[in-house]
Structure formats: structure tokens, C-alpha cells
Amino acid sequence: MTVLACGVCRTDLHVVDGDLPSPAIPIIPGHEIVGRVDRVGSGVNGFAPGDRVGIPWLGYSCGHCEYCRTDRENLCRSARYTGYQIDGGYAEQAIADARFCFHLPPGYDDEHAAPLLCAGLIGYRAYRMAGDAWRLGIYGFGAAAHIIAQVAVQQGREVYAFVTPGDSTAADFARSVGASWAGWSTDAPPAALDAAIIFAPVGRLVPEALSRTRPGGVVVCAGIHMSDIPSFPYKLLWEERVVRSVANLTRADAHEFLALVGDIVIKTTVKPYPLREANAALDDLRSGRLTGAAVLVPSP
Ligand SMILES: [Zn+2]
Ligand SMILES: [Zn+2]
């Protein structure tokens with residue numbers, strides 16, 4: 001397919017920095033690909049040349065292991081991931097397994113659709129793991145948070161945004177997409193949280209978030225990589241609080257999320273970069289200079 005746009009995700013930084021085990025090297029990063037189908041292989045159903053498609057992080061799962069047979073292909077031991085073990089979308093052309101591609105909702109242009117494919121999709125899996133929390137805390141307000149906050153608010157929840165101390169741009173951004181409160185990650189929110197999602201790859205936020213969560217609450221760690229979690233007193237976990245991680249996505253997650261954001265339109269905030277500026281986009285993400293999501297657009 002021809003790549004129309006490709007989102008830049010924090011996981012790409014972890015791939016480029018060598019934080020993750022067993023990448024394919026050399027590898028073309030990028031797993032938020034919006035493409036136009038040029039050709040389909042024999043036996044492909046559901047896609048035809050000219051279709052716009054989205055390609056997410058999960059590029060392959062085996063289909064027959066214990067995890068795949070129990071709706072947990074996100075944990076498949078033989079899974080392979082786009083932009084990590086399968087060449088991704090920092091490119092003008094890409095090849096994907098049609099069984100792991102998706103039609104995209106029409107209400108989003110290519111650049112604005114790209115962040116839905118990881119920030120949105122894996123963010124949504126983390127959001128589901130937060131259960132029916134009414135007061136939802138979000139630590140780290142980047143691409144995933146700005147999508148999930150809008151979903152949460154449209155579903156009648158209250159969003160409490162926690163950003164790096166001093167980053168008033170991020171706090172303003174959080175309020176602009178519906179957060180009812182935004183403050184520093186070291187601050188106490190005005191009310192105890194029912195659940196918290198941690199998008200920032202910062203382990204010390206785990207005890208921090210637990211300390212802000214009420215009994216029975218859950219803290220969801222949504223990143224693929226996190227710095228070490230410091231030890232903390234048991235009383236922070238006591239009273240049936242839960243800490244859990246979220247790994248990857250299933251195709252069912254993608255179908256559910258893409259249908260949802262077809263019905264309720266989310267405004268993704270994107271900063272386009274020409275493909276040749278991919279390293280600048282990664283640097284901006286690393287240094288926290290971005291508001292929303294960076295998206296690479298191949299030059300015409
Ligand atoms: Zn499997
Ligand atoms: Zn990602």
C-alpha cells in the first residue's frame with residue numbers, strides 16, 4: 001500500500017533507543033499507519049485496491065495458542081508487531097497482513113486518523129481496564145491521553161489530568177480537551193480517584209497514583225516500557241487496590257474502538273512532519289515539546 005500518514009508513538013522511541021528486546025534489525029519503525037491499498041494478495045477478503053486502511057501495532061498472531069484461543073491474542077507468544085518485528089510506516093510504501101488491517105471511520109482525514117491506531121487503540125484498552133471509574137486520573141498527557149480523555153468525558157466521566165510539574169502547556173491542553181481538573185503529577189486531586197491510567201513511562205508514578213486512588217481502585221500502567229517502580233508501603237495497595245499493566249491490543253479492541261470513534265467524533269491534535277523529518281519528530285516527542293501527536297506525512 002501507499003503510506004498516506006504514520007503516527008509517531010513513544011514506543012518508536014523505545015524501539016530506536018534499544019529499550020525493547022528482540023527487535024528486527026534493520027527495522028522501519030511506525031505502527032500507526034494510514035495507507036491506500038495498491039494491491040491485494042490472493043485470498044484476501046474485505047479489502048480492495050483504493051481502500052483506505054489502518055495498520056496498528058499487532059501485525060500477526062498465531063491463531064491457535066492458548067492465548068489466541070481465549071480472546072487474548074495481545075499476549076500470543078508468537079505475535080509480531082508492526083515497526084518492531086515487521087517493517088512499519090516510516091516509509092512511502094508498506095506491506096501488511098490483511099487480517100490485521102482495519103477500515104477507518106470516514107470522519108477523520110489521514111493525518112487525524114493516524115493517532116487513533118495506537119494512542120487511541122491501546123489507550124482505549126487501558127481505559128477499559130480502568131472499569132466503570134467515574135473519577136478517572138490520567139498521568140502523562142500526550143497523544144493517548146488526549147484521545148481517551150475525550151472518550152471518557154463523552155461517556156459522562158470526570159477526567160483528572162496529571163502532568164510533569166511545571167508543564168503548564170500540557171495542563172492547559174488537558175483542560176482544552178475536557179479535563180475537569182489538571183495539575184502536577186505530585187499534586188493531590190480535589191477528590192480521590194476511582195481509577196488512574198499511567199501513560200508516562202515513569203515508575204515512581206505508580207505509588208503516586210495509588211496514593212490518590214480510593215479503596216478498590218485500579219491503577220493501569222499503559223506503556224510498553226517503564227522505569228523501575230520504587231518500593232512503597234503496603235498501605236498504598238491495601239483495601240483491594242489493584243495495579244495492572246496493559247499489553248498490546250487485540251483485533252476485537254480495534255473493531256470496538258474504531259466503531260466507537262466513528263459514532264462519537266474525537267478531535268485529535270496532530271503536528272505533521274514530512275517523512276524526512278522523522279528524527280526531528282522523535283526528538284520533539286522525547287523532549288516533551290509536542291502537544292498532541294506527531295504524524296509523518298510522506299512527501300508527494
Ligand atoms: Zn497465539
Ligand atoms: Zn504505539
# chains A, B, ... in the order shown; residues from 1 in each chain; ligands from 1
$ residues_near_ligand --ligand "ligand 2" --cutoff "9 Å" --atoms "only C-alpha atoms and all ligand atoms" --output "CSV table (one decimal) with N, CA, C and O atoms, in the first residue's frame"
chain,number,residue,atom,x,y,z
A,7,GLY,N,1.6,7.8,12.4
A,7,GLY,CA,1.8,8.5,13.7
A,7,GLY,C,3.1,8.1,14.3
A,7,GLY,O,3.7,7.0,14.0
A,8,VAL,N,3.6,9.0,15.1
A,8,VAL,CA,4.8,8.7,15.9
A,8,VAL,C,4.4,8.5,17.3
A,8,VAL,O,3.8,9.3,18.0
A,9,CYS,N,4.8,7.3,17.8
A,9,CYS,CA,4.4,6.8,19.1
A,9,CYS,C,5.6,6.7,20.0
A,9,CYS,O,6.8,6.5,19.6
A,10,ARG,N,5.4,6.8,21.3
A,10,ARG,CA,6.5,6.7,22.3
A,10,ARG,C,7.2,5.3,22.1
A,10,ARG,O,8.4,5.2,22.3
A,11,THR,N,6.5,4.3,21.7
A,11,THR,CA,7.1,3.0,21.5
A,11,THR,C,8.2,3.1,20.4
A,11,THR,O,9.2,2.3,20.5
A,12,ASP,N,8.0,3.9,19.5
A,12,ASP,CA,9.0,4.1,18.4
A,12,ASP,C,10.3,4.5,19.0
A,12,ASP,O,11.4,4.1,18.6
A,30,GLY,N,7.2,2.5,13.1
A,30,GLY,CA,6.0,3.1,12.7
A,30,GLY,C,4.8,2.1,12.7
A,30,GLY,O,4.8,1.2,11.9
A,31,HIS,N,3.9,2.3,13.6
A,31,HIS,CA,2.8,1.4,13.8
A,31,HIS,C,1.4,2.1,13.9
A,31,HIS,O,0.5,1.6,14.5
A,32,GLU,N,1.3,3.3,13.4
A,32,GLU,CA,0.0,4.0,13.3
A,32,GLU,C,-0.1,4.4,11.8
A,32,GLU,O,-0.1,5.6,11.5
A,56,PRO,N,-2.2,-1.2,12.7
A,56,PRO,CA,-1.8,-1.0,14.0
A,56,PRO,C,-0.6,-1.8,14.4
A,56,PRO,O,0.1,-2.5,13.6
A,57,TRP,N,-0.3,-1.8,15.7
A,57,TRP,CA,0.9,-2.4,16.3
A,57,TRP,C,0.9,-3.9,16.2
A,57,TRP,O,1.9,-4.5,15.8
A,115,PRO,N,-3.3,8.9,14.7
A,115,PRO,CA,-3.1,8.6,16.2
A,115,PRO,C,-4.1,7.7,16.8
A,115,PRO,O,-3.9,7.2,17.9
A,117,LEU,N,-4.7,4.8,15.8
A,117,LEU,CA,-4.2,3.5,15.6
A,117,LEU,C,-3.4,2.9,16.7
A,117,LEU,O,-3.2,1.7,16.8
A,118,CYS,N,-2.8,3.7,17.6
A,118,CYS,CA,-2.1,3.2,18.7
A,118,CYS,C,-2.5,4.0,20.0
A,118,CYS,O,-3.0,3.5,20.9
A,119,ALA,N,-2.2,5.3,19.9
A,119,ALA,CA,-2.6,6.2,21.0
A,119,ALA,C,-4.0,5.9,21.4
A,119,ALA,O,-4.4,5.7,22.6
A,121,LEU,N,-6.1,3.3,20.2
A,121,LEU,CA,-6.5,1.9,20.4
A,121,LEU,C,-5.9,1.3,21.7
A,121,LEU,O,-6.7,0.7,22.4
A,122,ILE,N,-4.7,1.4,21.9
A,122,ILE,CA,-4.1,0.8,23.2
A,122,ILE,C,-4.5,1.7,24.4
A,122,ILE,O,-4.8,1.2,25.5
A,144,ALA,N,-2.1,9.6,23.6
A,144,ALA,CA,-3.1,8.7,24.1
A,144,ALA,C,-4.1,9.4,25.0
A,144,ALA,O,-5.3,9.3,24.9
A,223,GLY,N,2.0,1.7,29.3
A,223,GLY,CA,3.1,1.8,28.4
A,223,GLY,C,3.8,0.4,28.3
A,223,GLY,O,3.7,-0.4,29.1
A,224,ILE,N,4.5,0.3,27.2
A,224,ILE,CA,5.3,-0.9,26.9
A,224,ILE,C,6.6,-1.0,27.8
A,224,ILE,O,7.2,-2.0,28.0
A,248,ASN,N,-0.3,-4.4,24.4
A,248,ASN,CA,-0.7,-4.5,23.0
A,248,ASN,C,-2.2,-4.4,22.8
A,248,ASN,O,-2.8,-3.6,23.5
$ residues_near_ligand --ligand "ligand 1" --cutoff "6 Å" --atoms "only C-alpha atoms and all ligand atoms" --output "number ranges by chain"
A: 61-65, 67-68, 73, 76-78
$ select_by_dssp --residues "segment 59-165 of chain A" --states "alpha helix (DSSP H)" --output "VMD selection string"
chain A and resid 66 to 69 110 to 113 119 to 129 143 to 154
$ closest_residue --among "A:Ser180, A:Thr250, A:Thr186, A:Thr169" --to "Gly156 of chain A" --atoms "only C-alpha atoms"
A:Ser180
$ closest_residue --among "A:Ala79, A:Val3, A:Val15, A:Ile95" --to "Arg39 of chain A" --atoms "only C-alpha atoms"
A:Ile95
$ residues_around --residues "segment 209-217 of chain A" --least-positions-apart "2" --cutoff "6 Å" --atoms "only C-alpha atoms" --output "PyMOL selection string"
chain A and resi 192-195+205-207+236+239-241
$ select_by_dssp --residues "segment 117-291 of chain A" --states "strand (DSSP E or B)" --output "JSON, numbers by chain"
{"A": [135, 136, 137, 138, 139, 158, 159, 160, 161, 162, 163, 181, 182, 183, 184, 193, 194, 195, 196, 197, 198, 213, 214, 215, 216, 217, 218, 219, 220, 221, 242, 243, 244, 245, 270, 271, 272, 273, 274]}
$ atom_distance --atom1 "atom CA of Ile229 of chain A" --atom2 "atom CA of Gly142 of chain A"
21.0 Å
$ residues_around --residues "Val153 of chain A" --least-positions-apart "6" --cutoff "12 Å" --atoms "only C-alpha atoms" --output "ChimeraX atom specification"
/A:133-136,145-147,159-160,174-180,264,266
$ residues_around --residues "Val34 of chain A" --least-positions-apart "3" --cutoff "9 Å" --atoms "only C-alpha atoms" --output "list in words"
Thr2, Val3, Leu4, Ala5, Cys6, Gly7, Arg52, Val53, Gly54, Ile55, Gly89, Leu104, Asp110, Glu111, Ala113, Ala114 and Leu117 of chain A
$ write_last_selection --atoms "all heavy atoms" --output "mmCIF file, in the first residue's frame"
data_model
loop_
_atom_site.group_PDB
_atom_site.id
_atom_site.type_symbol
_atom_site.label_atom_id
_atom_site.label_comp_id
_atom_site.auth_asym_id
_atom_site.auth_seq_id
_atom_site.Cartn_x
_atom_site.Cartn_y
_atom_site.Cartn_z
ATOM 1 N N THR A 2 0.261 2.342 -0.374
ATOM 2 C CA THR A 2 0.935 3.629 -0.283
ATOM 3 C C THR A 2 0.657 4.209 1.097
ATOM 4 O O THR A 2 -0.502 4.254 1.534
ATOM 5 C CB THR A 2 0.385 4.574 -1.367
ATOM 6 O OG1 THR A 2 0.655 3.982 -2.639
ATOM 7 C CG2 THR A 2 1.021 5.944 -1.285
ATOM 8 N N VAL A 3 1.702 4.630 1.791
ATOM 9 C CA VAL A 3 1.521 5.232 3.113
ATOM 10 C C VAL A 3 1.045 6.673 2.930
ATOM 11 O O VAL A 3 1.668 7.461 2.215
ATOM 12 C CB VAL A 3 2.833 5.201 3.926
ATOM 13 C CG1 VAL A 3 2.654 5.917 5.265
ATOM 14 C CG2 VAL A 3 3.299 3.764 4.140
ATOM 15 N N LEU A 4 -0.077 7.001 3.565
ATOM 16 C CA LEU A 4 -0.625 8.361 3.500
ATOM 17 C C LEU A 4 -0.207 9.179 4.713
ATOM 18 O O LEU A 4 -0.022 10.389 4.622
ATOM 19 C CB LEU A 4 -2.154 8.291 3.417
ATOM 20 C CG LEU A 4 -2.721 7.464 2.251
ATOM 21 C CD1 LEU A 4 -4.231 7.294 2.402
ATOM 22 C CD2 LEU A 4 -2.382 8.114 0.919
ATOM 23 N N ALA A 5 -0.087 8.513 5.845
ATOM 24 C CA ALA A 5 0.330 9.178 7.086
ATOM 25 C C ALA A 5 0.733 8.089 8.070
ATOM 26 O O ALA A 5 0.229 6.967 8.001
ATOM 27 C CB ALA A 5 -0.814 10.010 7.666
ATOM 28 N N CYS A 6 1.638 8.430 8.986
ATOM 29 C CA CYS A 6 2.024 7.465 10.021
ATOM 30 C C CYS A 6 2.295 8.211 11.321
ATOM 31 O O CYS A 6 3.128 9.120 11.358
ATOM 32 C CB CYS A 6 3.261 6.668 9.594
ATOM 33 S SG CYS A 6 3.734 5.415 10.816
ATOM 34 N N GLY A 7 1.589 7.829 12.360
ATOM 35 C CA GLY A 7 1.764 8.464 13.652
ATOM 36 C C GLY A 7 3.093 8.081 14.290
ATOM 37 O O GLY A 7 3.658 7.022 14.005
ATOM 38 N N ARG A 52 -8.935 2.837 1.850
ATOM 39 C CA ARG A 52 -8.084 3.386 2.906
ATOM 40 C C ARG A 52 -8.078 2.400 4.071
ATOM 41 O O ARG A 52 -9.127 1.906 4.492
ATOM 42 C CB ARG A 52 -8.631 4.745 3.363
ATOM 43 C CG ARG A 52 -7.691 5.448 4.324
ATOM 44 C CD ARG A 52 -8.138 6.874 4.599
ATOM 45 N NE ARG A 52 -9.237 6.917 5.558
ATOM 46 C CZ ARG A 52 -9.390 7.887 6.456
ATOM 47 N NH1 ARG A 52 -8.523 8.891 6.496
ATOM 48 N NH2 ARG A 52 -10.412 7.888 7.274
ATOM 49 N N VAL A 53 -6.908 2.099 4.573
ATOM 50 C CA VAL A 53 -6.799 1.126 5.667
ATOM 51 C C VAL A 53 -5.901 1.661 6.773
ATOM 52 O O VAL A 53 -5.031 2.504 6.548
ATOM 53 C CB VAL A 53 -6.214 -0.235 5.206
ATOM 54 C CG1 VAL A 53 -7.182 -0.976 4.325
ATOM 55 C CG2 VAL A 53 -4.875 -0.060 4.522
ATOM 56 N N GLY A 54 -6.120 1.119 7.959
ATOM 57 C CA GLY A 54 -5.271 1.423 9.102
ATOM 58 C C GLY A 54 -4.523 0.180 9.528
ATOM 59 O O GLY A 54 -5.075 -0.922 9.517
ATOM 60 N N ILE A 55 -3.246 0.363 9.866
ATOM 61 C CA ILE A 55 -2.407 -0.751 10.308
ATOM 62 C C ILE A 55 -1.869 -0.431 11.684
ATOM 63 O O ILE A 55 -1.139 0.545 11.857
ATOM 64 C CB ILE A 55 -1.236 -0.981 9.331
ATOM 65 C CG1 ILE A 55 -1.791 -1.289 7.952
ATOM 66 C CG2 ILE A 55 -0.338 -2.105 9.811
ATOM 67 C CD1 ILE A 55 -0.776 -1.066 6.874
ATOM 68 N N GLY A 89 5.673 2.042 9.113
ATOM 69 C CA GLY A 89 5.137 3.104 8.272
ATOM 70 C C GLY A 89 5.969 4.360 8.128
ATOM 71 O O GLY A 89 5.499 5.331 7.548
ATOM 72 N N LEU A 104 -11.076 2.476 8.270
ATOM 73 C CA LEU A 104 -11.057 3.607 9.207
ATOM 74 C C LEU A 104 -12.342 4.418 9.091
ATOM 75 O O LEU A 104 -12.906 4.531 7.999
ATOM 76 C CB LEU A 104 -9.850 4.499 8.899
ATOM 77 C CG LEU A 104 -8.502 3.824 9.175
ATOM 78 C CD1 LEU A 104 -7.356 4.648 8.600
ATOM 79 C CD2 LEU A 104 -8.304 3.617 10.672
ATOM 80 N N ASP A 110 -6.498 11.683 6.860
ATOM 81 C CA ASP A 110 -5.410 10.729 7.080
ATOM 82 C C ASP A 110 -4.564 11.102 8.302
ATOM 83 O O ASP A 110 -4.251 10.261 9.152
ATOM 84 C CB ASP A 110 -4.518 10.647 5.836
ATOM 85 C CG ASP A 110 -5.310 10.245 4.594
ATOM 86 O OD1 ASP A 110 -6.330 9.533 4.749
ATOM 87 O OD2 ASP A 110 -4.922 10.657 3.485
ATOM 88 N N GLU A 111 -4.184 12.373 8.384
ATOM 89 C CA GLU A 111 -3.322 12.792 9.494
ATOM 90 C C GLU A 111 -4.022 12.645 10.839
ATOM 91 O O GLU A 111 -3.413 12.245 11.824
ATOM 92 C CB GLU A 111 -2.901 14.261 9.300
ATOM 93 C CG GLU A 111 -1.939 14.459 8.145
ATOM 94 C CD GLU A 111 -1.714 15.934 7.826
ATOM 95 O OE1 GLU A 111 -2.042 16.782 8.678
ATOM 96 O OE2 GLU A 111 -1.209 16.227 6.727
ATOM 97 N N ALA A 113 -6.477 10.628 11.520
ATOM 98 C CA ALA A 113 -6.819 9.225 11.808
ATOM 99 C C ALA A 113 -5.623 8.461 12.369
ATOM 100 O O ALA A 113 -5.785 7.531 13.163
ATOM 101 C CB ALA A 113 -7.320 8.535 10.532
ATOM 102 N N ALA A 114 -4.404 8.849 11.984
ATOM 103 C CA ALA A 114 -3.225 8.059 12.354
ATOM 104 C C ALA A 114 -3.109 7.823 13.873
ATOM 105 O O ALA A 114 -2.897 6.677 14.297
ATOM 106 C CB ALA A 114 -1.961 8.715 11.786
ATOM 107 N N LEU A 117 -4.652 4.844 15.817
ATOM 108 C CA LEU A 117 -4.249 3.452 15.622
ATOM 109 C C LEU A 117 -3.351 2.880 16.713
ATOM 110 O O LEU A 117 -3.157 1.671 16.785
ATOM 111 C CB LEU A 117 -3.576 3.300 14.249
ATOM 112 C CG LEU A 117 -4.628 3.350 13.137
ATOM 113 C CD1 LEU A 117 -4.015 3.748 11.806
ATOM 114 C CD2 LEU A 117 -5.336 1.998 13.024
#
$ residues_around --residues "Arg80 of chain A" --least-positions-apart "5" --cutoff "6 Å" --atoms "only C-alpha atoms" --output "list in words"
Gly59, Tyr60 and Gln85 of chain A
$ write_last_selection --atoms "C-alpha atoms" --output "compact mmCIF listing (two decimals), in the first residue's frame"
# COMPACT_ATOMS: atom_id res chain seq x y z
CA GLY A 59 0.88 -7.30 12.92
CA TYR A 60 0.48 -11.03 13.41
CA GLN A 85 9.43 -7.05 14.03
$ closest_residue --among "A:His103, A:Arg125, A:Arg276, A:Lys271" --to "Ala247 of chain A" --atoms "only C-alpha atoms"
A:Arg125
$ closest_residue --among "A:Gly83, A:Arg289, A:Trp184, A:Ile25" --to "Leu13 of chain A" --atoms "only C-alpha atoms"
A:Gly83
$ atom_distance --atom1 "atom CA of Glu277 of chain A" --atom2 "atom CA of Leu296 of chain A"
7.9 Å
$ atom_distance --atom1 "atom CA of Pro274 of chain A" --atom2 "atom CA of Val297 of chain A"
5.0 Å
$ closest_residue --among "A:Glu92, A:Asp17, A:Asp71, A:Asp38" --to "Asp253 of chain A" --atoms "only C-alpha atoms"
A:Asp71
